[in-house]
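J.: My file is coords-v2.cif. It has mmCIF, C-alpha atoms and all ligand atoms:
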```
data_upload
loop_
_atom_site.group_PDB
_atom_site.id
_atom_site.type_symbol
_atom_site.label_atom_id
_atom_site.label_comp_id
_atom_site.auth_asym_id
_atom_site.auth_seq_id
_atom_site.Cartn_x
_atom_site.Cartn_y
_atom_site.Cartn_z
ATOM 1 C CA MET W 1 -63.838 -13.953 47.048
ATOM 2 C CA THR W 2 -66.990 -15.771 45.889
ATOM 3 C CA ALA W 3 -66.893 -19.444 44.894
ATOM 4 C CA GLU W 4 -67.344 -18.363 41.281
ATOM 5 C CA ASP W 5 -64.441 -15.888 41.492
ATOM 6 C CA TYR W 6 -62.266 -18.599 43.016
ATOM 7 C CA ARG W 7 -63.127 -21.061 40.232
ATOM 8 C CA ALA W 8 -62.397 -18.490 37.506
ATOM 9 C CA ALA W 9 -59.082 -17.427 39.060
ATOM 10 C CA SER W 10 -58.031 -21.040 39.571
ATOM 11 C CA ARG W 11 -58.886 -22.000 35.973
ATOM 12 C CA GLU W 12 -56.964 -19.019 34.652
ATOM 13 C CA SER W 13 -53.845 -19.617 36.724
ATOM 14 C CA TRP W 14 -53.733 -23.352 35.912
ATOM 15 C CA GLY W 15 -54.292 -22.549 32.245
ATOM 16 C CA SER W 16 -51.312 -20.174 32.369
ATOM 17 C CA ALA W 17 -49.143 -22.988 33.722
ATOM 18 C CA ALA W 18 -50.179 -25.445 30.981
ATOM 19 C CA ASP W 19 -47.012 -24.969 28.899
ATOM 20 C CA VAL W 20 -44.884 -25.799 31.926
ATOM 21 C CA TRP W 21 -47.004 -28.898 32.587
ATOM 22 C CA ALA W 22 -46.790 -29.979 28.952
ATOM 23 C CA ARG W 23 -42.986 -29.659 28.962
ATOM 24 C CA ALA W 24 -42.711 -31.471 32.299
ATOM 25 C CA ALA W 25 -44.846 -34.303 30.924
ATOM 26 C CA ASP W 26 -42.183 -34.964 28.274
ATOM 27 C CA GLU W 27 -39.988 -36.229 31.124
ATOM 28 C CA PRO W 28 -40.808 -39.441 32.999
ATOM 29 C CA ASP W 29 -42.946 -38.936 36.102
ATOM 30 C CA SER W 30 -40.827 -38.952 39.255
ATOM 31 C CA GLY W 31 -41.028 -38.631 43.050
ATOM 32 C CA ALA W 32 -44.458 -38.334 44.601
ATOM 33 C CA SER W 33 -46.261 -37.995 41.266
ATOM 34 C CA ALA W 34 -44.847 -41.285 40.011
ATOM 35 C CA LEU W 35 -45.698 -43.024 43.281
ATOM 36 C CA ALA W 36 -49.255 -41.659 43.219
ATOM 37 C CA ALA W 37 -49.812 -42.772 39.618
ATOM 38 C CA GLU W 38 -48.407 -46.221 40.292
ATOM 39 C CA TRP W 39 -50.578 -46.644 43.394
ATOM 40 C CA MET W 40 -53.703 -45.321 41.679
ATOM 41 C CA LEU W 41 -53.371 -47.585 38.647
ATOM 42 C CA ALA W 42 -52.704 -50.587 40.888
ATOM 43 C CA GLN W 43 -55.846 -49.857 42.939
ATOM 44 C CA ALA W 44 -57.960 -49.143 39.874
ATOM 45 C CA ALA W 45 -57.004 -52.541 38.412
ATOM 46 C CA LEU W 46 -58.235 -51.427 34.991
ATOM 47 C CA LYS W 47 -59.080 -54.110 32.491
ATOM 48 C CA PRO W 48 -58.952 -54.046 28.697
ATOM 49 C CA GLY W 49 -62.197 -52.651 27.318
ATOM 50 C CA GLU W 50 -63.089 -50.491 30.336
ATOM 51 C CA ARG W 51 -64.222 -46.857 30.183
ATOM 52 C CA VAL W 52 -62.252 -44.414 32.316
ATOM 53 C CA LEU W 53 -62.759 -40.757 33.178
ATOM 54 C CA GLU W 54 -59.779 -38.766 34.419
ATOM 55 C CA LEU W 55 -60.639 -35.473 36.128
ATOM 56 C CA ALA W 56 -58.366 -32.457 36.694
ATOM 57 C CA ALA W 57 -55.881 -34.293 34.518
ATOM 58 C CA GLY W 58 -53.366 -31.494 33.904
ATOM 59 C CA ALA W 59 -51.285 -32.703 30.956
ATOM 60 C CA GLY W 60 -52.918 -36.136 31.253
ATOM 61 C CA ARG W 61 -50.083 -38.213 32.614
ATOM 62 C CA VAL W 62 -52.310 -40.735 34.413
ATOM 63 C CA GLY W 63 -54.956 -40.836 31.690
ATOM 64 C CA LEU W 64 -52.415 -41.657 28.977
ATOM 65 C CA GLN W 65 -51.193 -44.610 31.023
ATOM 66 C CA ALA W 66 -54.797 -45.705 31.599
ATOM 67 C CA ALA W 67 -55.430 -45.580 27.841
ATOM 68 C CA SER W 68 -52.594 -48.032 27.243
ATOM 69 C CA ILE W 69 -54.055 -50.395 29.840
ATOM 70 C CA VAL W 70 -57.677 -50.396 28.637
ATOM 71 C CA GLY W 71 -56.453 -50.801 25.056
ATOM 72 C CA PRO W 72 -58.242 -50.205 21.773
ATOM 73 C CA GLU W 73 -61.524 -51.748 23.004
ATOM 74 C CA GLY W 74 -61.553 -49.397 25.981
ATOM 75 C CA ARG W 75 -61.948 -45.638 26.190
ATOM 76 C CA VAL W 76 -60.490 -42.830 28.286
ATOM 77 C CA VAL W 77 -61.933 -39.341 28.620
ATOM 78 C CA CYS W 78 -59.075 -37.267 29.948
ATOM 79 C CA SER W 79 -60.346 -33.917 31.196
ATOM 80 C CA ASP W 80 -59.457 -30.677 32.889
ATOM 81 C CA PHE W 81 -61.322 -27.388 33.304
ATOM 82 C CA ALA W 82 -58.427 -25.364 31.858
ATOM 83 C CA GLU W 83 -58.636 -25.416 28.073
ATOM 84 C CA ALA W 84 -54.871 -25.014 27.645
ATOM 85 C CA MET W 85 -54.320 -28.191 29.718
ATOM 86 C CA VAL W 86 -56.786 -30.062 27.507
ATOM 87 C CA LYS W 87 -54.861 -28.919 24.415
ATOM 88 C CA ALA W 88 -51.703 -30.324 25.985
ATOM 89 C CA ILE W 89 -53.467 -33.639 26.660
ATOM 90 C CA ARG W 90 -54.703 -33.793 23.057
ATOM 91 C CA ALA W 91 -51.232 -33.097 21.654
ATOM 92 C CA ARG W 92 -49.625 -35.726 23.884
ATOM 93 C CA SER W 93 -52.290 -38.291 23.043
ATOM 94 C CA GLN W 94 -51.865 -37.659 19.315
ATOM 95 C CA SER W 95 -48.104 -37.973 19.443
ATOM 96 C CA ALA W 96 -48.493 -41.214 21.422
ATOM 97 C CA GLY W 97 -50.848 -42.471 18.668
ATOM 98 C CA LEU W 98 -53.699 -43.187 21.109
ATOM 99 C CA SER W 99 -57.003 -43.596 19.313
ATOM 100 C CA ASN W 100 -58.957 -44.481 22.467
ATOM 101 C CA LEU W 101 -58.359 -41.249 24.385
ATOM 102 C CA GLU W 102 -60.562 -38.205 24.137
ATOM 103 C CA ALA W 103 -59.304 -34.932 25.638
ATOM 104 C CA ARG W 104 -62.240 -32.869 26.910
ATOM 105 C CA VAL W 105 -62.827 -29.651 28.840
ATOM 106 C CA LEU W 106 -64.820 -30.601 31.964
ATOM 107 C CA ASP W 107 -65.326 -28.890 35.286
ATOM 108 C CA ALA W 108 -65.232 -31.698 37.836
ATOM 109 C CA GLU W 109 -67.635 -29.825 40.094
ATOM 110 C CA ARG W 110 -70.342 -29.744 37.395
ATOM 111 C CA LEU W 111 -69.752 -32.545 34.978
ATOM 112 C CA GLU W 112 -71.448 -32.157 31.641
ATOM 113 C CA LEU W 113 -71.593 -35.654 30.216
ATOM 114 C CA GLY W 114 -73.778 -37.293 27.636
ATOM 115 C CA GLU W 115 -77.077 -38.564 29.014
ATOM 116 C CA ASP W 116 -76.024 -42.225 28.949
ATOM 117 C CA GLU W 117 -72.331 -41.653 29.397
ATOM 118 C CA ARG W 118 -71.059 -43.604 32.421
ATOM 119 C CA PHE W 119 -67.618 -44.926 33.351
ATOM 120 C CA ASP W 120 -66.181 -48.017 34.998
ATOM 121 C CA ALA W 121 -63.565 -45.932 36.798
ATOM 122 C CA VAL W 122 -62.892 -42.297 37.672
ATOM 123 C CA LEU W 123 -59.297 -41.245 38.376
ATOM 124 C CA CYS W 124 -58.108 -37.966 39.834
ATOM 125 C CA ARG W 125 -54.544 -37.260 40.918
ATOM 126 C CA PHE W 126 -53.887 -34.093 42.931
ATOM 127 C CA GLY W 127 -57.133 -32.422 41.897
ATOM 128 C CA TYR W 128 -60.016 -32.573 44.402
ATOM 129 C CA MET W 129 -58.263 -30.584 47.134
ATOM 130 C CA LEU W 130 -57.968 -27.594 44.801
ATOM 131 C CA MET W 131 -61.675 -27.491 44.049
ATOM 132 C CA GLY W 132 -63.914 -24.891 45.674
ATOM 133 C CA ASP W 133 -66.538 -27.548 46.436
ATOM 134 C CA PRO W 134 -64.905 -30.974 46.716
ATOM 135 C CA ALA W 135 -68.159 -32.458 48.064
ATOM 136 C CA ALA W 136 -69.909 -31.468 44.824
ATOM 137 C CA ALA W 137 -67.020 -32.826 42.751
ATOM 138 C CA LEU W 138 -67.100 -36.180 44.547
ATOM 139 C CA ALA W 139 -70.880 -36.403 44.128
ATOM 140 C CA GLU W 140 -70.432 -35.648 40.428
ATOM 141 C CA SER W 141 -67.733 -38.336 40.235
ATOM 142 C CA ALA W 142 -70.135 -40.857 41.792
ATOM 143 C CA ARG W 143 -72.808 -39.975 39.264
ATOM 144 C CA ALA W 144 -70.367 -40.407 36.391
ATOM 145 C CA LEU W 145 -69.770 -44.022 37.454
ATOM 146 C CA ILE W 146 -71.791 -47.109 36.663
ATOM 147 C CA PRO W 147 -73.209 -48.805 39.771
ATOM 148 C CA GLY W 148 -70.230 -50.522 41.382
ATOM 149 C CA GLY W 149 -67.771 -48.335 39.451
ATOM 150 C CA ARG W 150 -64.475 -47.367 41.118
ATOM 151 C CA LEU W 151 -63.113 -43.979 42.120
ATOM 152 C CA VAL W 152 -59.360 -43.778 42.763
ATOM 153 C CA LEU W 153 -57.737 -40.536 43.835
ATOM 154 C CA ALA W 154 -54.624 -39.056 45.354
ATOM 155 C CA VAL W 155 -54.279 -35.801 47.279
ATOM 156 C CA TRP W 156 -51.409 -34.306 49.236
ATOM 157 C CA GLY W 157 -51.069 -35.137 52.920
ATOM 158 C CA PRO W 158 -50.685 -32.327 55.498
ATOM 159 C CA GLY W 159 -48.447 -29.353 54.711
ATOM 160 C CA ALA W 160 -46.072 -30.216 57.562
ATOM 161 C CA ASP W 161 -45.289 -33.507 55.807
ATOM 162 C CA ASN W 162 -44.781 -31.851 52.420
ATOM 163 C CA PRO W 163 -41.970 -29.329 52.926
ATOM 164 C CA TRP W 164 -41.199 -29.399 49.161
ATOM 165 C CA LEU W 165 -44.211 -27.072 48.776
ATOM 166 C CA MET W 166 -45.028 -25.923 52.296
ATOM 167 C CA MET W 167 -41.701 -24.078 52.721
ATOM 168 C CA ILE W 168 -42.594 -21.784 49.823
ATOM 169 C CA LEU W 169 -46.205 -21.250 50.929
ATOM 170 C CA GLN W 170 -45.031 -20.574 54.486
ATOM 171 C CA ALA W 171 -42.505 -18.005 53.245
ATOM 172 C CA VAL W 172 -45.310 -16.221 51.347
ATOM 173 C CA MET W 173 -47.629 -16.267 54.402
ATOM 174 C CA ASP W 174 -44.863 -15.092 56.748
ATOM 175 C CA HIS W 175 -43.881 -12.289 54.401
ATOM 176 C CA PHE W 176 -47.417 -10.891 54.360
ATOM 177 C CA GLY W 177 -48.292 -11.833 57.940
ATOM 178 C CA ALA W 178 -51.143 -13.972 56.593
ATOM 179 C CA PRO W 179 -52.749 -16.516 58.942
ATOM 180 C CA PRO W 180 -52.883 -20.185 57.915
ATOM 181 C CA PRO W 181 -55.914 -20.913 55.713
ATOM 182 C CA GLU W 182 -59.152 -21.801 57.512
ATOM 183 C CA PRO W 183 -59.853 -25.549 57.474
ATOM 184 C CA GLY W 184 -61.835 -26.364 54.340
ATOM 185 C CA THR W 185 -60.274 -23.585 52.243
ATOM 186 C CA PRO W 186 -59.285 -25.080 48.880
ATOM 187 C CA GLY W 187 -55.562 -25.534 48.460
ATOM 188 C CA PRO W 188 -52.873 -28.196 48.116
ATOM 189 C CA PHE W 189 -53.332 -29.546 51.660
ATOM 190 C CA ALA W 190 -57.082 -29.085 52.054
ATOM 191 C CA LEU W 191 -57.822 -32.831 51.997
ATOM 192 C CA GLY W 192 -54.688 -33.933 53.811
ATOM 193 C CA VAL W 193 -56.694 -35.072 56.841
ATOM 194 C CA GLU W 194 -57.856 -38.647 56.289
ATOM 195 C CA GLN W 195 -61.063 -38.236 58.318
ATOM 196 C CA ARG W 196 -62.205 -35.287 56.216
ATOM 197 C CA LEU W 197 -61.585 -37.182 53.008
ATOM 198 C CA GLU W 198 -63.383 -40.238 54.313
ATOM 199 C CA GLY W 199 -66.352 -38.107 55.398
ATOM 200 C CA LEU W 200 -66.593 -36.493 51.967
ATOM 201 C CA LEU W 201 -66.382 -39.853 50.182
ATOM 202 C CA THR W 202 -69.091 -41.325 52.405
ATOM 203 C CA GLN W 203 -71.297 -38.287 51.934
ATOM 204 C CA ALA W 204 -70.897 -38.587 48.151
ATOM 205 C CA GLY W 205 -72.264 -42.136 48.333
ATOM 206 C CA PHE W 206 -69.088 -44.198 48.014
ATOM 207 C CA THR W 207 -68.805 -47.581 49.699
ATOM 208 C CA GLU W 208 -65.852 -49.935 50.298
ATOM 209 C CA ILE W 209 -63.742 -46.849 51.034
ATOM 210 C CA ALA W 210 -60.036 -47.407 51.694
ATOM 211 C CA ILE W 211 -57.554 -44.667 52.535
ATOM 212 C CA GLU W 212 -53.805 -45.099 52.585
ATOM 213 C CA ARG W 213 -50.932 -42.787 53.402
ATOM 214 C CA LEU W 214 -47.937 -42.993 51.053
ATOM 215 C CA GLU W 215 -44.576 -41.457 51.843
ATOM 216 C CA THR W 216 -41.706 -40.695 49.527
ATOM 217 C CA GLU W 217 -39.024 -38.121 48.741
ATOM 218 C CA GLN W 218 -38.489 -35.675 45.935
ATOM 219 C CA THR W 219 -34.944 -34.861 44.857
ATOM 220 C CA TYR W 220 -33.880 -31.696 43.054
ATOM 221 C CA ASP W 221 -30.420 -31.048 41.599
ATOM 222 C CA SER W 222 -30.068 -27.801 43.566
ATOM 223 C CA SER W 223 -32.104 -25.507 45.771
ATOM 224 C CA ASP W 224 -32.393 -23.021 42.880
ATOM 225 C CA GLY W 225 -33.709 -25.845 40.698
ATOM 226 C CA TRP W 226 -36.261 -26.717 43.405
ATOM 227 C CA TRP W 227 -37.474 -23.125 43.688
ATOM 228 C CA ASP W 228 -37.687 -22.665 39.902
ATOM 229 C CA GLU W 229 -39.576 -25.911 39.339
ATOM 230 C CA ILE W 230 -42.134 -25.592 42.119
ATOM 231 C CA THR W 231 -42.867 -21.919 41.561
ATOM 232 C CA ALA W 232 -43.397 -22.489 37.822
ATOM 233 C CA ILE W 233 -45.571 -25.583 38.032
ATOM 234 C CA GLY W 234 -47.920 -24.514 40.835
ATOM 235 C CA GLY W 235 -50.482 -22.518 38.819
ATOM 236 C CA PRO W 236 -51.924 -20.207 41.533
ATOM 237 C CA LEU W 237 -48.545 -19.929 43.282
ATOM 238 C CA ALA W 238 -46.900 -18.897 40.006
ATOM 239 C CA SER W 239 -49.618 -16.262 39.517
ATOM 240 C CA VAL W 240 -49.174 -14.839 43.031
ATOM 241 C CA LEU W 241 -45.377 -14.734 42.853
ATOM 242 C CA GLY W 242 -45.383 -13.402 39.281
ATOM 243 C CA ALA W 243 -47.459 -10.390 40.361
ATOM 244 C CA LEU W 244 -45.178 -9.387 43.262
ATOM 245 C CA PRO W 245 -42.785 -6.432 43.248
ATOM 246 C CA LYS W 246 -39.184 -7.647 43.020
ATOM 247 C CA PRO W 247 -38.240 -6.832 46.649
ATOM 248 C CA ASP W 248 -41.133 -8.951 47.956
ATOM 249 C CA PHE W 249 -40.347 -11.769 45.540
ATOM 250 C CA ASP W 250 -36.659 -11.735 46.489
ATOM 251 C CA ALA W 251 -37.426 -11.695 50.221
ATOM 252 C CA ILE W 252 -39.779 -14.685 49.927
ATOM 253 C CA ARG W 253 -37.315 -16.577 47.775
ATOM 254 C CA GLY W 254 -34.509 -15.865 50.268
ATOM 255 C CA THR W 255 -36.607 -17.118 53.209
ATOM 256 C CA ALA W 256 -37.629 -20.305 51.386
ATOM 257 C CA LEU W 257 -34.073 -21.097 50.246
ATOM 258 C CA ALA W 258 -32.706 -20.517 53.764
ATOM 259 C CA GLU W 259 -35.330 -22.867 55.177
ATOM 260 C CA ALA W 260 -34.605 -25.477 52.497
ATOM 261 C CA ALA W 261 -30.904 -25.525 53.383
ATOM 262 C CA ARG W 262 -31.594 -28.065 56.159
ATOM 263 C CA PHE W 263 -32.563 -30.596 53.483
ATOM 264 C CA GLY W 264 -29.414 -29.937 51.417
ATOM 265 C CA ARG W 265 -26.993 -32.728 50.605
ATOM 266 C CA ALA W 266 -23.227 -32.506 50.289
ATOM 267 C CA ASP W 267 -23.480 -32.557 46.470
ATOM 268 C CA GLY W 268 -25.809 -29.520 46.506
ATOM 269 C CA ALA W 269 -28.931 -31.530 45.751
ATOM 270 C CA LEU W 270 -32.068 -31.237 47.890
ATOM 271 C CA THR W 271 -34.036 -34.237 49.072
ATOM 272 C CA LEU W 272 -37.436 -33.316 50.451
ATOM 273 C CA PRO W 273 -40.052 -35.567 52.062
ATOM 274 C CA ALA W 274 -43.502 -35.814 50.497
ATOM 275 C CA ALA W 275 -46.693 -37.421 51.829
ATOM 276 C CA ILE W 276 -49.690 -38.432 49.771
ATOM 277 C CA ILE W 277 -53.124 -39.661 50.783
ATOM 278 C CA GLY W 278 -54.493 -42.214 48.338
ATOM 279 C CA ALA W 279 -58.146 -43.201 48.499
ATOM 280 C CA HIS W 280 -60.498 -45.447 46.618
ATOM 281 C CA GLY W 281 -64.136 -46.412 46.839
ATOM 282 C CA ARG W 282 -66.998 -47.800 44.843
ATOM 283 C CA ARG W 283 -70.225 -46.223 43.768
ATOM 284 C CA ASP W 284 -72.960 -48.263 45.391
ATOM 285 C CA TYR W 285 -74.623 -50.919 43.282
ATOM 286 C CA THR W 286 -78.091 -49.390 43.309
ATOM 287 C CA THR W 287 -79.073 -47.492 40.198
ATOM 288 C CA SER W 288 -80.757 -44.574 41.950
ATOM 289 C CA ARG W 289 -79.060 -42.603 44.705
ATOM 290 C CA ALA W 290 -79.935 -39.472 46.595
ATOM 291 C CA GLY W 291 -78.732 -36.525 44.538
ATOM 292 C CA ALA W 292 -78.084 -38.631 41.472
ATOM 293 C CA SER W 293 -80.555 -37.086 39.098
ATOM 294 C CA PRO W 294 -79.639 -38.036 35.539
ATOM 295 C CA GLN W 295 -81.236 -34.864 34.176
ATOM 296 C CA ARG W 296 -78.308 -32.903 35.628
ATOM 297 C CA PHE W 297 -76.211 -34.339 32.804
ATOM 298 C CA SER W 298 -76.554 -32.441 29.577
ATOM 299 C CA SER W 299 -75.845 -33.882 26.153
ATOM 300 C CA ARG W 300 -73.011 -32.288 24.201
HETATM 301 C C1 LIG X 1 -51.942 -29.987 40.613
HETATM 302 S S1 LIG X 1 -52.609 -30.110 38.989
HETATM 303 C C2 LIG X 1 -52.655 -31.892 38.789
HETATM 304 C C3 LIG X 1 -52.677 -32.316 37.341
HETATM 305 C C4 LIG X 1 -52.680 -33.828 37.096
HETATM 306 N N1 LIG X 1 -53.820 -34.468 37.707
HETATM 307 C C5 LIG X 1 -51.400 -34.476 37.548
HETATM 308 O O1 LIG X 1 -51.382 -35.050 38.642
HETATM 309 O O2 LIG X 1 -50.409 -34.411 36.803
HETATM 310 C C6 LIG X 1 -54.294 -29.701 39.269
HETATM 311 C C7 LIG X 1 -55.163 -29.647 38.022
HETATM 312 O O3 LIG X 1 -56.523 -29.566 38.465
HETATM 313 C C8 LIG X 1 -57.250 -28.776 37.546
HETATM 314 N N2 LIG X 1 -58.495 -28.358 38.212
HETATM 315 C C9 LIG X 1 -58.634 -27.625 39.342
HETATM 316 N N3 LIG X 1 -59.923 -27.465 39.641
HETATM 317 C C10 LIG X 1 -60.634 -28.139 38.705
HETATM 318 C C11 LIG X 1 -62.025 -28.369 38.489
HETATM 319 N N4 LIG X 1 -62.961 -27.841 39.284
HETATM 320 N N5 LIG X 1 -62.391 -29.135 37.427
HETATM 321 C C12 LIG X 1 -61.460 -29.647 36.588
HETATM 322 N N6 LIG X 1 -60.130 -29.448 36.729
HETATM 323 C C13 LIG X 1 -59.724 -28.705 37.787
HETATM 324 C C14 LIG X 1 -56.275 -27.671 37.176
HETATM 325 O O4 LIG X 1 -56.616 -27.035 35.980
HETATM 326 C C15 LIG X 1 -54.949 -28.448 37.103
HETATM 327 O O5 LIG X 1 -54.696 -28.887 35.792
#
```
Using structure tokens, write down the structure that the file contains.
Ligand SMILES: C[S@@+](CC[C@H](N)C(=O)[O-])C[C@H]1O[C@@H](n2cnc3c(N)ncnc32)[C@H](O)[C@@H]1O
T.:
Amino acid sequence: MTAEDYRAASRESWGSAADVWARAADEPDSGASALAAEWMLAQAALKPGERVLELAAGAGRVGLQAASIVGPEGRVVCSDFAEAMVKAIRARSQSAGLSNLEARVLDAERLELGEDERFDAVLCRFGYMLMGDPAAALAESARALIPGGRLVLAVWGPGADNPWLMMILQAVMDHFGAPPPEPGTPGPFALGVEQRLEGLLTQAGFTEIAIERLETEQTYDSSDGWWDEITAIGGPLASVLGALPKPDFDAIRGTALAEAARFGRADGALTLPAAIIGAHGRRDYTTSRAGASPQRFSSR
């Protein structure tokens, strides 16, 4: 699959999951997502009046919170490359009565911003590891920032520390005899190694880099509830499973549920560990950087 094919397939599958994301966003954030958002907003230390860009925002959960913090004098561009996600952001922003949030279709790997459009902070929760070229996306993020601007992100830690998702992916791989993905292949755990993330941030020109591992648990009412939620919300996973003949689907589901039983509680609920890597850094204070050619921004 070429990089372009990957990007198109990813955009389509995430777009197909947008309704699920929009419905989920009506409920309060919980588990690892809530922890990641709380950590990111604490590190970003946004101030009233600041300009914020959220990338790969899904239904815009973090961006909507940021908009409340920066207030009417500030501005948030909340973006995703899947148009259906951006529609969900717009609808949520309108019903929250936010006049300082703009929902915009943007590919984080090739940001098309206005010529003079720069931000005090870029936020991205659970996005960069899914991108075909995270190095390009981080370089684009640096260029979107003012000198000294802050990037704050969260990605998933290693698969072994995230059984809430890994058990399903492993069941799919085992069923088809597929080898584990090559290091560097985009996917939920692609940036789960701190050194890789740090290298990419450094290469993109960030300074004052800090990386922190956060651990939590996710609880589901039942193992069926766990399976239904994760397989619906994971865009590419939902696409893969949705295209399978029933016997394959049932076999994978059976394997994953059997594996999950070890996390079952007496009341039937499942409590599964989750590990996040949070990172932040600053764009350097110089106005010109290698690779930061302003003409790569196009006016819209
Ligand atoms: C796992 S979801 C996370 C959504 C949201 N950040 C959250 O934490 O609730 C990943 C999102 O990344 C988006 N995405 C993936 N690659 C992207 C890219 N190159 N540019 C912009 N968005 C991208 C998908 O469309 C999807 O909405």
J.: I'd like to know which of W:Leu191, W:Ala139, W:Ala171, W:Ile230 is closest to W:Ala204, using only C-alpha atoms.
T.: W:Ala139
J.: Pick the closest to ligand LIG 1 (chain X) from W:Ser141, W:Thr255, W:Gln94, W:Ser223: which is it, counting only C-alpha atoms and all ligand atoms?
T.: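 Checking each candidate against ligand LIG 1 (chain X), we get W:Ser141 as the closest.
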J.: Can you check which parts of chain W lie within 9 Å of ligand LIG 1 (chain X)? Per residue, the shortest pair of atoms and distance in Å to one decimal, counting all atoms listed in the file, sorted by chain and number, as a Markdown table.
T.:
```
| residue | atom | partner | partner_atom | distance |
| --- | --- | --- | --- | --- |
| W:Arg7 | CA | X:LIG1 | N4 | 6.8 |
| W:Ser10 | CA | X:LIG1 | C9 | 6.6 |
| W:Arg11 | CA | X:LIG1 | O4 | 5.5 |
| W:Glu12 | CA | X:LIG1 | O4 | 8.1 |
| W:Ser13 | CA | X:LIG1 | O4 | 8.0 |
| W:Trp14 | CA | X:LIG1 | O4 | 4.7 |
| W:Gly15 | CA | X:LIG1 | O4 | 6.3 |
| W:Ala17 | CA | X:LIG1 | O5 | 8.4 |
| W:Ala18 | CA | X:LIG1 | O5 | 7.4 |
| W:Trp21 | CA | X:LIG1 | O2 | 7.7 |
| W:Ala25 | CA | X:LIG1 | O2 | 8.1 |
| W:Asp29 | CA | X:LIG1 | O2 | 8.8 |
| W:Ser33 | CA | X:LIG1 | O1 | 6.5 |
| W:Ala36 | CA | X:LIG1 | O1 | 8.3 |
| W:Ala37 | CA | X:LIG1 | O1 | 7.9 |
| W:Glu54 | CA | X:LIG1 | N1 | 8.0 |
| W:Leu55 | CA | X:LIG1 | C12 | 5.9 |
| W:Ala56 | CA | X:LIG1 | N6 | 3.5 |
| W:Ala57 | CA | X:LIG1 | N1 | 3.8 |
| W:Gly58 | CA | X:LIG1 | O5 | 3.5 |
| W:Ala59 | CA | X:LIG1 | O2 | 6.2 |
| W:Gly60 | CA | X:LIG1 | C4 | 6.3 |
| W:Arg61 | CA | X:LIG1 | O2 | 5.7 |
| W:Val62 | CA | X:LIG1 | O2 | 7.0 |
| W:Gly63 | CA | X:LIG1 | N1 | 8.8 |
| W:Ser79 | CA | X:LIG1 | C12 | 7.0 |
| W:Asp80 | CA | X:LIG1 | N6 | 4.1 |
| W:Phe81 | CA | X:LIG1 | C12 | 4.0 |
| W:Ala82 | CA | X:LIG1 | O4 | 4.8 |
| W:Glu83 | CA | X:LIG1 | O4 | 8.3 |
| W:Ala84 | CA | X:LIG1 | O4 | 8.8 |
| W:Met85 | CA | X:LIG1 | O5 | 6.1 |
| W:Val86 | CA | X:LIG1 | O5 | 8.6 |
| W:Val105 | CA | X:LIG1 | C12 | 7.9 |
| W:Leu106 | CA | X:LIG1 | C12 | 5.8 |
| W:Asp107 | CA | X:LIG1 | N5 | 3.6 |
| W:Ala108 | CA | X:LIG1 | N5 | 3.8 |
| W:Glu109 | CA | X:LIG1 | N4 | 5.1 |
| W:Arg110 | CA | X:LIG1 | N4 | 7.9 |
| W:Leu111 | CA | X:LIG1 | N5 | 8.5 |
| W:Leu123 | CA | X:LIG1 | N1 | 8.7 |
| W:Cys124 | CA | X:LIG1 | N1 | 5.9 |
| W:Arg125 | CA | X:LIG1 | N1 | 4.3 |
| W:Phe126 | CA | X:LIG1 | C2 | 4.8 |
| W:Gly127 | CA | X:LIG1 | O3 | 4.5 |
| W:Tyr128 | CA | X:LIG1 | N3 | 7.0 |
| W:Met129 | CA | X:LIG1 | N3 | 8.3 |
| W:Leu130 | CA | X:LIG1 | C9 | 5.5 |
| W:Met131 | CA | X:LIG1 | N3 | 4.7 |
| W:Gly132 | CA | X:LIG1 | N4 | 7.1 |
| W:Asp133 | CA | X:LIG1 | N4 | 8.0 |
| W:Pro134 | CA | X:LIG1 | N4 | 8.3 |
| W:Ala137 | CA | X:LIG1 | N4 | 7.3 |
| W:Ala154 | CA | X:LIG1 | O1 | 8.5 |
| W:Pro188 | CA | X:LIG1 | C1 | 7.8 |
| W:Ile233 | CA | X:LIG1 | C1 | 8.2 |
| W:Gly234 | CA | X:LIG1 | C1 | 6.8 |
| W:Gly235 | CA | X:LIG1 | C15 | 7.6 |
```
J.: Got a sec: who's within 9 Å of W:Glu212, counting only C-alpha atoms, leaving out chain neighbours fewer than 4 positions off, as a VMD selection string?
T.: chain W and resid 194 276 to 280
J.: Mind giving me the straight-line distance from atom CA of W:Asp250 to atom CA of W:Leu272 in Å, one decimal?
T.: 22.0 Å
J.: Can you measure atom CA of W:Gly148 to atom CA of W:Gly184 for me? One decimal in Å is fine.
T.: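 Result for atom CA of W:Gly148 versus atom CA of W:Gly184: 28.7 Å, one decimal.
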J.: Enumerate, in order of chain and increasing residue number, the residues of stretch 117-154 of chain W with an atom no farther than 8 Å from stretch 40-48 of chain W, each with its shortest atom pair and distance in Å to one decimal, counting only C-alpha atoms, as a Markdown table.
T.:
```
| residue | atom | partner | partner_atom | distance |
| --- | --- | --- | --- | --- |
| W:Ala121 | CA | W:Ala44 | CA | 7.2 |
| W:Leu123 | CA | W:Met40 | CA | 7.7 |
| W:Arg150 | CA | W:Ala44 | CA | 6.9 |
| W:Leu151 | CA | W:Ala44 | CA | 7.6 |
| W:Val152 | CA | W:Met40 | CA | 6.0 |
| W:Leu153 | CA | W:Met40 | CA | 6.6 |
| W:Ala154 | CA | W:Met40 | CA | 7.3 |
```
J.: For the residues in the current selection, export C-alpha atoms as a tab-separated table (two decimals), in the coordinates of the input.
T.:
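Full text of part-v1.tsv as output:
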```
chain	number	residue	atom	x	y	z
W	121	ALA	CA	-63.56	-45.93	36.80
W	123	LEU	CA	-59.30	-41.24	38.38
W	150	ARG	CA	-64.47	-47.37	41.12
W	151	LEU	CA	-63.11	-43.98	42.12
W	152	VAL	CA	-59.36	-43.78	42.76
W	153	LEU	CA	-57.74	-40.54	43.84
W	154	ALA	CA	-54.62	-39.06	45.35
```
